[in-house]
Each structure stands twice: as structure tokens, then as C-alpha cells.
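Structure file query-v8.txt (compact mmCIF, C-alpha atoms) follows.
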# COMPACT_ATOMS: atom_id res chain seq x y z
CA MET Z 1 0.00 0.00 0.00
CA SER Z 2 1.44 3.40 -0.98
CA ASP Z 3 1.44 5.85 1.92
CA ARG Z 4 1.27 8.77 -0.49
CA ARG Z 5 -2.02 7.63 -2.00
CA ALA Z 6 -3.67 5.80 0.90
CA THR Z 7 -6.38 7.53 2.91
CA PHE Z 8 -6.56 7.70 6.68
CA TRP Z 9 -9.14 4.91 6.83
CA GLU Z 10 -7.18 2.69 4.45
CA HIS Z 11 -4.28 2.91 6.88
CA VAL Z 12 -6.54 2.07 9.82
CA TYR Z 13 -7.92 -0.97 7.99
CA ASP Z 14 -4.37 -2.06 7.15
CA LEU Z 15 -3.28 -1.73 10.79
CA ARG Z 16 -6.23 -3.81 11.90
CA ALA Z 17 -5.66 -6.43 9.17
CA ARG Z 18 -2.07 -6.87 10.39
CA ASP Z 19 -3.33 -7.10 13.97
CA LEU Z 20 -1.30 -4.05 15.01
CA ILE Z 21 -4.30 -2.52 16.77
CA PRO Z 22 -6.95 -4.41 18.81
CA ARG Z 23 -10.47 -5.08 17.58
CA VAL Z 24 -11.79 -2.42 19.97
CA TRP Z 25 -9.30 0.43 19.83
CA ARG Z 26 -8.74 4.01 20.98
CA THR Z 27 -7.19 6.89 19.09
CA GLY Z 28 -4.07 6.42 21.22
CA ASP Z 29 -3.61 3.00 19.61
CA LEU Z 30 -3.29 4.70 16.20
CA ARG Z 31 -0.76 7.38 17.11
CA PRO Z 32 2.42 5.26 17.13
CA PHE Z 33 1.64 4.11 13.59
CA LEU Z 34 0.17 7.28 12.06
CA ALA Z 35 2.12 10.10 13.75
CA GLY Z 36 5.60 8.65 14.29
CA PRO Z 37 8.79 9.33 12.30
CA GLU Z 38 8.27 6.19 10.16
CA SER Z 39 4.53 6.76 9.74
CA PRO Z 40 2.46 8.60 7.10
CA GLN Z 41 2.49 11.60 9.48
CA PHE Z 42 -1.22 12.29 9.81
CA ALA Z 43 -1.98 15.29 11.98
CA LEU Z 44 -3.00 14.55 15.56
CA THR Z 45 -6.21 16.45 14.94
CA THR Z 46 -7.05 13.95 12.20
CA ILE Z 47 -6.22 10.96 14.41
CA ASN Z 48 -8.20 12.33 17.37
CA VAL Z 49 -11.21 13.79 15.56
CA CYS Z 50 -11.83 11.66 12.48
CA PRO Z 51 -12.95 8.49 14.34
CA PHE Z 52 -15.54 10.47 16.32
CA ASN Z 53 -16.83 12.28 13.23
CA SER Z 54 -17.10 9.02 11.25
CA SER Z 55 -18.81 7.00 13.97
CA VAL Z 56 -22.27 5.90 15.00
CA SER Z 57 -22.91 4.70 18.55
CA THR Z 58 -24.07 1.17 19.23
CA ASP Z 59 -26.56 2.34 21.87
CA GLY Z 60 -28.44 4.46 19.35
CA THR Z 61 -27.82 7.87 20.94
CA LYS Z 62 -24.90 9.53 19.09
CA VAL Z 63 -23.86 10.13 15.51
CA GLY Z 64 -20.63 11.72 14.27
CA ASP Z 65 -20.60 15.00 12.39
CA PHE Z 66 -19.55 13.44 9.05
CA VAL Z 67 -22.24 10.76 9.38
CA ALA Z 68 -24.86 13.34 10.36
CA LYS Z 69 -24.15 15.10 7.06
CA GLY Z 70 -24.61 11.90 5.04
CA ALA Z 71 -21.26 10.08 5.06
CA ALA Z 72 -21.20 6.32 5.55
CA PRO Z 73 -20.17 5.37 9.10
CA LYS Z 74 -16.70 3.83 9.30
CA VAL Z 75 -16.68 2.79 12.96
CA TRP Z 76 -18.98 1.86 15.81
CA ARG Z 77 -18.56 3.94 18.95
CA VAL Z 78 -18.76 1.11 21.50
CA GLY Z 79 -17.69 2.93 24.66
CA ARG Z 80 -16.13 6.07 26.03
CA GLY Z 81 -13.40 6.81 23.48
CA GLN Z 82 -13.59 3.24 22.16
CA PHE Z 83 -14.15 2.31 18.51
CA GLN Z 84 -14.59 -0.78 16.36
CA LEU Z 85 -14.47 -0.87 12.57
CA VAL Z 86 -17.87 -1.46 11.01
CA GLU Z 87 -16.21 -3.75 8.44
CA ASP Z 88 -13.54 -5.38 10.55
CA PRO Z 89 -10.92 -7.35 8.55
CA GLY Z 90 -11.19 -10.14 11.11
CA ASP Z 91 -14.80 -10.88 10.10
CA ASP Z 92 -15.91 -12.92 7.12
CA GLY Z 93 -17.47 -11.27 4.10
CA ALA Z 94 -21.07 -11.97 5.09
CA THR Z 95 -20.54 -10.51 8.57
CA ARG Z 96 -18.88 -7.39 7.19
CA GLU Z 97 -21.75 -6.85 4.76
CA ALA Z 98 -24.34 -7.36 7.51
CA GLU Z 99 -22.52 -4.93 9.83
CA LYS Z 100 -22.31 -2.37 7.03
CA ARG Z 101 -26.08 -2.57 6.46
CA ARG Z 102 -26.74 -2.37 10.20
CA ALA Z 103 -24.53 0.70 10.55
CA MET Z 104 -26.20 2.42 7.60
CA ASN Z 105 -29.67 1.69 9.02
CA ARG Z 106 -28.63 3.00 12.42
CA ALA Z 107 -27.15 6.12 10.85
CA ASP Z 108 -30.39 6.76 8.93
CA GLN Z 109 -32.40 6.40 12.15
CA LEU Z 110 -30.12 8.79 14.03
CA ARG Z 111 -30.18 11.36 11.24
CA LEU Z 112 -33.97 11.44 11.46
CA ARG Z 113 -33.75 11.85 15.22
CA THR Z 114 -31.05 14.54 15.08
CA LYS Z 115 -31.65 18.27 15.19
CA ALA Z 116 -28.82 19.95 13.33
CA THR Z 117 -28.02 23.59 14.02
CA SER Z 118 -27.85 25.81 10.97
CA GLY Z 119 -24.51 27.34 11.84
CA ARG Z 120 -21.05 26.21 12.80
CA ARG Z 121 -19.49 26.50 16.22
CA GLY Z 122 -15.73 26.77 16.48
CA GLY Z 123 -15.33 25.82 12.81
CA ALA Z 124 -17.04 22.43 13.21
CA PHE Z 125 -20.50 21.30 12.25
CA VAL Z 126 -22.62 20.98 15.40
CA SER Z 127 -25.48 18.55 15.76
CA THR Z 128 -27.69 17.86 18.75
CA PRO Z 129 -29.23 14.40 19.06
CA ALA Z 130 -32.95 14.54 19.65
CA ARG Z 131 -34.41 12.81 22.69
CA SER Z 132 -35.78 9.30 22.17
CA THR Z 133 -39.21 10.66 23.17
CA PRO Z 134 -40.70 14.10 22.40
CA PRO Z 135 -39.74 16.82 24.94
CA THR Z 136 -43.37 17.13 26.06
CA GLU Z 137 -43.67 13.38 26.73
CA PRO Z 138 -41.78 12.29 29.87
CA LEU Z 139 -40.23 8.87 30.11
CA PRO Z 140 -42.67 6.36 31.58
CA GLU Z 141 -40.27 5.68 34.47
CA SER Z 142 -37.24 7.57 35.72
CA SER Z 143 -34.09 6.32 34.02
CA ASN Z 144 -32.20 7.40 37.13
CA ARG Z 145 -34.31 5.05 39.24
CA TYR Z 146 -34.16 2.08 36.90
CA PRO Z 147 -31.36 1.57 34.36
CA SER Z 148 -32.90 1.45 30.90
CA PHE Z 149 -32.20 1.49 27.17
CA SER Z 150 -34.41 2.77 24.36
CA ILE Z 151 -34.45 0.75 21.13
CA ALA Z 152 -35.36 2.41 17.81
CA LEU Z 153 -37.02 -0.14 15.53
CA ASP Z 154 -37.20 0.46 11.80
CA PRO Z 155 -40.37 -0.49 9.86
CA ALA Z 156 -38.87 -3.80 8.70
CA GLN Z 157 -38.07 -4.83 12.27
CA ARG Z 158 -41.56 -3.91 13.45
CA GLN Z 159 -43.05 -5.94 10.63
CA GLU Z 160 -41.00 -8.97 11.70
CA LEU Z 161 -42.30 -8.63 15.26
CA ALA Z 162 -45.94 -8.03 14.32
CA SER Z 163 -47.01 -11.68 14.29
CA LEU Z 164 -45.22 -12.64 17.53
CA SER Z 165 -46.70 -12.90 21.01
CA THR Z 166 -45.88 -10.23 23.57
CA ALA Z 167 -43.38 -12.56 25.27
CA ASN Z 168 -41.59 -13.42 22.02
CA LYS Z 169 -41.52 -9.77 20.94
CA ALA Z 170 -39.75 -8.92 24.19
CA VAL Z 171 -37.11 -11.63 23.70
CA SER Z 172 -36.50 -10.53 20.08
CA ILE Z 173 -36.13 -6.89 21.15
CA VAL Z 174 -33.56 -7.81 23.82
CA ARG Z 175 -31.59 -9.85 21.28
CA ALA Z 176 -31.65 -6.92 18.83
CA HIS Z 177 -30.48 -4.53 21.56
CA LEU Z 178 -27.55 -6.74 22.52
CA ARG Z 179 -26.50 -7.21 18.88
CA ASP Z 180 -26.72 -3.46 18.21
CA ARG Z 181 -24.82 -2.48 21.33
CA TYR Z 182 -22.11 -5.15 21.44
CA GLY Z 183 -22.01 -6.65 17.94
CA ASN Z 184 -20.04 -9.88 17.68
CA ARG Z 185 -18.74 -9.44 21.24
CA ALA Z 186 -22.07 -10.65 22.59
CA GLU Z 187 -22.72 -14.39 22.79
CA ILE Z 188 -26.45 -15.05 23.30
CA GLU Z 189 -28.05 -18.42 23.91
CA ASP Z 190 -31.27 -19.79 25.38
CA ASP Z 191 -30.83 -20.50 29.07
CA ARG Z 192 -33.32 -23.41 29.46
CA ASP Z 193 -32.74 -23.51 33.22
CA GLY Z 194 -35.36 -21.23 34.70
CA VAL Z 195 -34.74 -17.95 32.85
CA ASP Z 196 -34.78 -16.88 29.21
CA LEU Z 197 -31.27 -16.00 28.03
CA ARG Z 198 -27.66 -16.58 28.96
CA ILE Z 199 -25.37 -13.76 27.79
CA SER Z 200 -21.58 -13.50 27.64
CA ILE Z 201 -19.88 -10.18 26.75
CA ASP Z 202 -16.10 -9.86 26.95
CA GLY Z 203 -15.96 -12.62 29.55
CA ARG Z 204 -18.76 -11.13 31.69
CA ARG Z 205 -21.70 -13.51 32.03
CA GLU Z 206 -25.28 -12.66 32.82
CA ARG Z 207 -28.60 -14.52 32.92
CA VAL Z 208 -31.82 -12.65 32.23
CA GLU Z 209 -35.52 -13.28 32.72
CA ILE Z 210 -37.39 -11.30 30.05
CA LYS Z 211 -40.86 -9.90 30.70
CA GLY Z 212 -42.71 -7.94 28.01
CA THR Z 213 -45.74 -5.67 28.08
CA GLU Z 214 -47.68 -3.67 25.51
CA SER Z 215 -47.95 -0.86 28.06
CA PRO Z 216 -45.48 2.06 27.87
CA THR Z 217 -44.97 1.79 31.65
CA LEU Z 218 -43.44 -0.92 33.80
CA ASP Z 219 -46.93 -2.18 34.68
CA TRP Z 220 -45.80 -3.58 38.04
CA HIS Z 221 -49.13 -5.23 38.89
CA MET Z 222 -48.83 -7.47 35.81
CA LEU Z 223 -45.23 -8.49 36.51
CA LYS Z 224 -45.24 -12.11 37.71
CA VAL Z 225 -42.61 -14.81 38.21
CA SER Z 226 -44.10 -18.28 37.96
CA SER Z 227 -41.44 -20.96 38.26
CA ARG Z 228 -39.36 -21.85 41.32
CA LYS Z 229 -36.20 -21.94 39.20
CA SER Z 230 -36.81 -18.37 38.03
CA HIS Z 231 -37.47 -17.29 41.61
CA ASP Z 232 -34.23 -18.87 42.85
CA ALA Z 233 -32.11 -17.42 40.02
CA LEU Z 234 -33.44 -13.91 40.67
CA THR Z 235 -33.28 -13.92 44.47
CA SER Z 236 -29.74 -15.37 44.47
CA GLY Z 237 -28.52 -12.54 42.24
CA ASP Z 238 -27.65 -14.99 39.47
CA ALA Z 239 -30.15 -13.35 37.09
CA ALA Z 240 -31.84 -10.00 36.44
CA ILE Z 241 -35.20 -9.09 34.97
CA TYR Z 242 -35.25 -7.28 31.63
CA ARG Z 243 -38.67 -5.60 31.53
CA VAL Z 244 -39.45 -4.62 27.94
CA VAL Z 245 -42.23 -2.02 27.68
CA ASP Z 246 -44.13 -0.80 24.61
CA VAL Z 247 -43.14 -3.96 22.71
CA SER Z 248 -45.34 -3.04 19.72
CA GLY Z 249 -44.21 0.59 19.54
CA PRO Z 250 -41.45 2.17 17.42
CA THR Z 251 -39.14 2.75 20.42
CA PRO Z 252 -39.58 0.03 23.06
CA ARG Z 253 -37.57 0.46 26.25
CA ILE Z 254 -35.71 -2.18 28.26
CA TYR Z 255 -35.51 -1.73 32.04
CA VAL Z 256 -32.86 -3.73 33.92
CA LEU Z 257 -34.26 -4.71 37.32
CA THR Z 258 -32.23 -6.30 40.11
CA HIS Z 259 -33.73 -8.20 43.03
CA GLY Z 260 -33.31 -6.43 46.37
CA GLN Z 261 -32.49 -3.12 44.68
CA HIS Z 262 -35.47 -2.61 42.38
CA PHE Z 263 -37.96 -5.30 43.38
CA THR Z 264 -38.80 -8.11 45.78
CA LEU Z 265 -40.67 -11.35 45.14
CA GLU Z 266 -43.67 -12.01 47.33
CA PRO Z 267 -45.64 -15.27 47.29
CA GLU Z 268 -49.32 -15.08 46.58
CA PRO Z 269 -52.01 -17.78 46.57
CA ARG Z 270 -53.30 -18.95 43.24
CA TRP Z 271 -56.47 -20.87 42.48
CA ALA Z 272 -57.47 -22.80 39.39
CA VAL Z 273 -60.49 -21.22 37.71
CA LYS Z 274 -63.03 -23.82 36.59
CA ARG Z 275 -66.09 -23.13 34.48
CA VAL Z 276 -69.45 -23.80 36.13
CA THR Z 277 -71.46 -26.24 34.00
CA PRO Z 278 -75.04 -24.97 33.61
CA ALA Z 279 -77.79 -27.29 34.93
CA ASP Z 280 -79.21 -27.83 31.46
CA GLU Z 281 -75.83 -29.28 30.39
CA ARG Z 282 -75.41 -31.49 33.48
CA TYR Z 283 -78.90 -33.05 33.15
CA SER Z 284 -79.53 -32.88 29.46
CA LEU Z 285 -82.54 -35.35 29.58
CA ARG Z 286 -84.36 -33.57 32.40
CA GLY Z 287 -88.00 -33.02 31.40
CA GLU Z 288 -87.86 -35.45 28.49
CA PRO Z 289 -90.59 -38.24 28.28
CA TYR Z 290 -89.49 -41.83 28.94
CA ARG Z 291 -90.97 -45.34 28.73
CA TYR Z 292 -90.13 -48.92 29.78
CA GLU Z 293 -89.77 -51.70 27.22
CA LEU Z 294 -90.11 -55.32 28.42
CA PRO Z 295 -89.90 -54.37 32.06
CA HIS Z 296 -90.13 -57.98 33.34
CA GLU Z 297 -87.39 -59.49 31.15
CA PRO Z 298 -83.91 -60.23 32.58
CA VAL Z 299 -81.21 -57.71 31.73
CA ALA Z 300 -78.59 -58.95 29.21
CA SER Z 301 -78.81 -62.54 30.38
CA ASP Z 302 -76.97 -63.82 27.33
CA ASP Z 303 -73.94 -61.63 28.07
CA TRP Z 304 -72.91 -63.57 31.16
CA GLU Z 305 -70.70 -66.66 31.22
CA LEU Z 306 -70.09 -69.13 34.01
CA ARG Z 307 -66.57 -70.44 34.21
CA PRO Z 308 -65.40 -73.31 36.44

Written form, C-alpha cells:
Amino acid sequence: MSDRRATFWEHVYDLRARDLIPRVWRTGDLRPFLAGPESPQFALTTINVCPFNSSVSTDGTKVGDFVAKGAAPKVWRVGRGQFQLVEDPGDDGATREAEKRRAMNRADQLRLRTKATSGRRGGAFVSTPARSTPPTEPLPESSNRYPSFSIALDPAQRQELASLSTANKAVSIVRAHLRDRYGNRAEIEDDRDGVDLRISIDGRRERVEIKGTESPTLDWHMLKVSSRKSHDALTSGDAAIYRVVDVSGPTPRIYVLTHGQHFTLEPEPRWAVKRVTPADERYSLRGEPYRYELPHEPVASDDWELRP
């Protein structure tokens, strides 16, 4: 690759392909290779600013200035000052293509939700992300009280969820959130031992019980835990509840609830509800005429056998 003709991003891809920078990197990881005496000598302002301007956040809240103006996102912003290439050389072709489409869709969503100022501040384009809900509509529950994440669903995703039950919508939304936020770093599998999912992210493991509701609020009175295994996993701290609200809306929200901090589990009696059979069904021949035929004859005498 010719340094004279290569772009900044071509150099970053090359560094990643040669495993000279980690999969999740910071701008400081680039400096020894792009600002040293043997490097292409990119300006520090380019190294420090370009990744932010060309990024889209995995949690759906931030978009870089270049992306806000229509450029294709080059990196995911996965943490504070942390980036990951959208098309990482370590992924196969199908994964890179899927990540590219996901990043473009996320960028389109964020552009629609972004209020851009008409001027420039300090020589740079300034954009202000819009809130996930209109300013006049408060969040259904305080995000400070309960940790939560808002998920923006595009029309295609909502169409996919339309035919599912409330419970299955909730599970699908949680899976989509984890994929969007952590990408290939998240390993998700069915738990099959009392709760819904078992998640592993960068070596950190978590089990989650997922509860969905059509309501835009937490709907506490409808929140029930049925099985003993679920109860034990939650009360021991081995699992958390992900309460997904507004599962059929365009921006469902996931609340992360921890036993002892956000909720307790209290036993309550339950009774089986049985339908009362009306009298006319229990005694269907009541009131009907009847008659006796051959009243003095033995009953089924030929059906009996005598055996020694």
C-alpha cells in the first residue's frame, strides 16, 4: 500500500488487518503508527477527531458530524473513546456486509432523530441528538431510578415482530439490543434452566428473565414470576429481569431490574379457575318423556358366562 495515496481509513484498515491494533481500539492505539517518524504523518487532529466524526454509537444515541451530514459510518462507537471498525478485517465477508447494512440503518435512524443547528461553532458542524421521546412526553419511568435502554425499531423490524406474542416480541427486542450495542462481542443463547437468556460479553456472564408488556410503563401489577427456578435465580442474584415495555411501539424500552435493589418477590395464593357447568348441560334429559320396554325381562342374560 502506498502511503502517499492511501487515505486515513485505508491505513486504519491495514493496521487492523495486520493485527497491530486491537479489535476495539482508541485513538491512542493509532498514534504510534500514524504520527511517528516512520509513519504517514497524519496530523494529531485527524487521528483524534476523524474516528468520532465518522462514527455511530451502538446504543443508538450519538452520531458523528460526518455521518450526520450523510457520510457512511466507518466505525462503531462502543464505549467512552472506544471504537470498532464497522467492516472489521477479522470478520468474514457476510458478517462485514451485515454490519455495514446495520450501521447504515442505524445512521439513517439517528439522522432522522437529530436536530442539526444551521450554523457552525468553532469551525465544526454541530449537531444535537434529539431525545428518544418528544420533549413534552416524559419517560414512563425515571431512568435514574431504573437503568434502561431505548431501542429504535425500523419499519422492517416492526413488521417482523408483528405476528409474535408479547413474550416473544420482548425476547426478540432484547436480542436486537444486545447485537446493536455489542455486535459480535455478545454471545447469546437460550438458558433453558429457569430464565430466558444466557449472555456473555467480553468474559462477563449474565442470565436474564425477560418480561414484556404492551404498556409504555413498567406495569408492576402485571409483573409475575411463575417458576421456582426463576425465583431462585433472581433472588440469588444470578439473574436479572429485563422488563421490555411498549413492545409493539417504534421505540420500546428495556428496564434492567435487580432483586433487592429494584424489586422483591412475594408469594401469593393462586387458584385454578373452573367453568361452572349450567344445569341444562349437566342433566340434558331432564324433562324429556321416557318409557319402559319389556320391564319384566332379565337384563342382558346372554352376556354372562359361568366359568369353572

(message) Give me, as an NGL selection string, all polymer residues having an atom no more than 8 Å from Val208 in chain Z, counting only C-alpha atoms and skipping those fewer than 3 positions away in the same chain.
(response) :Z and (195-199 or 239-242)

Okay, now the selection with C-alpha atoms, as a short mmCIF file (atom, residue, chain, number, x, y, z; two decimals), in the coordinates of the input?
data_model
loop_
_atom_site.label_atom_id
_atom_site.label_comp_id
_atom_site.auth_asym_id
_atom_site.auth_seq_id
_atom_site.Cartn_x
_atom_site.Cartn_y
_atom_site.Cartn_z
CA VAL Z 195 -34.74 -17.95 32.85
CA ASP Z 196 -34.78 -16.88 29.21
CA LEU Z 197 -31.27 -16.00 28.03
CA ARG Z 198 -27.66 -16.58 28.96
CA ILE Z 199 -25.37 -13.76 27.79
CA ALA Z 239 -30.15 -13.35 37.09
CA ALA Z 240 -31.84 -10.00 36.44
CA ILE Z 241 -35.20 -9.09 34.97
CA TYR Z 242 -35.25 -7.28 31.63
#

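Neighbouring residues of Ser172 in chain Z at 9 Å or closer, counting only C-alpha atoms and skipping chain neighbours under 5 positions away, are Z:Leu161, Z:Ala167, Z:His177.
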
Using all atoms of range 210-215 of chain Z listed in the file and a margin of 4 Å per side, can you give the axis-aligned box centre and edge lengths in Å to one decimal, as lines of an AutoDock Vina configuration file?
center_x = -42.7
center_y = -6.1
center_z = 28.1
size_x = 18.6
size_y = 18.4
size_z = 13.2

(message) Which residues are close to range 46-52 of chain Z, i.e. within 12 Å by all atoms listed in the file, leaving aside same-chain residues fewer than 5 positions away? Reply as a ChimeraX atom specification.
(response) /Z:7-9,11-12,25-35,40-41,57,62-68,73-86,124

(request) Excluding Asp91 in chain Z and any residue of its chain fewer than 3 positions from it, enumerate the residues within 12 Å of it, using all atoms listed in the file, and give them as an MDAnalysis selection string. (result) chainID Z and resid 16:17 23 84:88 94:100 183:185

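Between CA of Leu218 in chain Z and CA of Ser150 in chain Z the separation is 13.6 Å.
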
(request) Please provide as a ChimeraX atom specification all residues within 12 Å of Glu266 in chain Z, with the sequence filter that same-chain residues fewer than 6 positions apart are discarded (counting all atoms listed in the file). (result) /Z:223-226,231,235,259-260

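Note that the spacing between CA of Gln109 in chain Z and CA of Ser148 in chain Z amounts to 19.4 Å.
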
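Rounded to one decimal, CA of Ala72 in chain Z and CA of Ala107 in chain Z lie 8.0 Å from each other.
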
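Candidate residues Z:Pro147, Z:Pro269, Z:Pro22, Z:Pro252 were compared for distance to Pro89 in chain Z, and the nearest is Z:Pro22, using only C-alpha atoms.
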
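When all atoms listed in the file are used to compute distances to Tyr13 in chain Z, the closest of the residues Z:Gly90, Z:Val256, Z:Asp238, Z:Gly70 turns out to be Z:Gly90.
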
(request) Give the answer as one residue: which of Z:Pro250, Z:Gly212, Z:Gly93, Z:Gly237 has the shortest atom-to-atom distance to Ser165 in chain Z, using only C-alpha atoms? (result) Z:Gly212

(request) Have a look at Z:Ser55, Z:Thr264, Z:Glu10, Z:Thr61 and name the one nearest to Met104 in chain Z; count all atoms listed in the file. (result) Z:Ser55

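Of the residues under consideration (Z:Lys211, Z:Ser248, Z:Thr258, Z:Ile173), Z:Thr258 shows the shortest atom-to-atom contact distance to Arg145 in chain Z when counting all atoms listed in the file.
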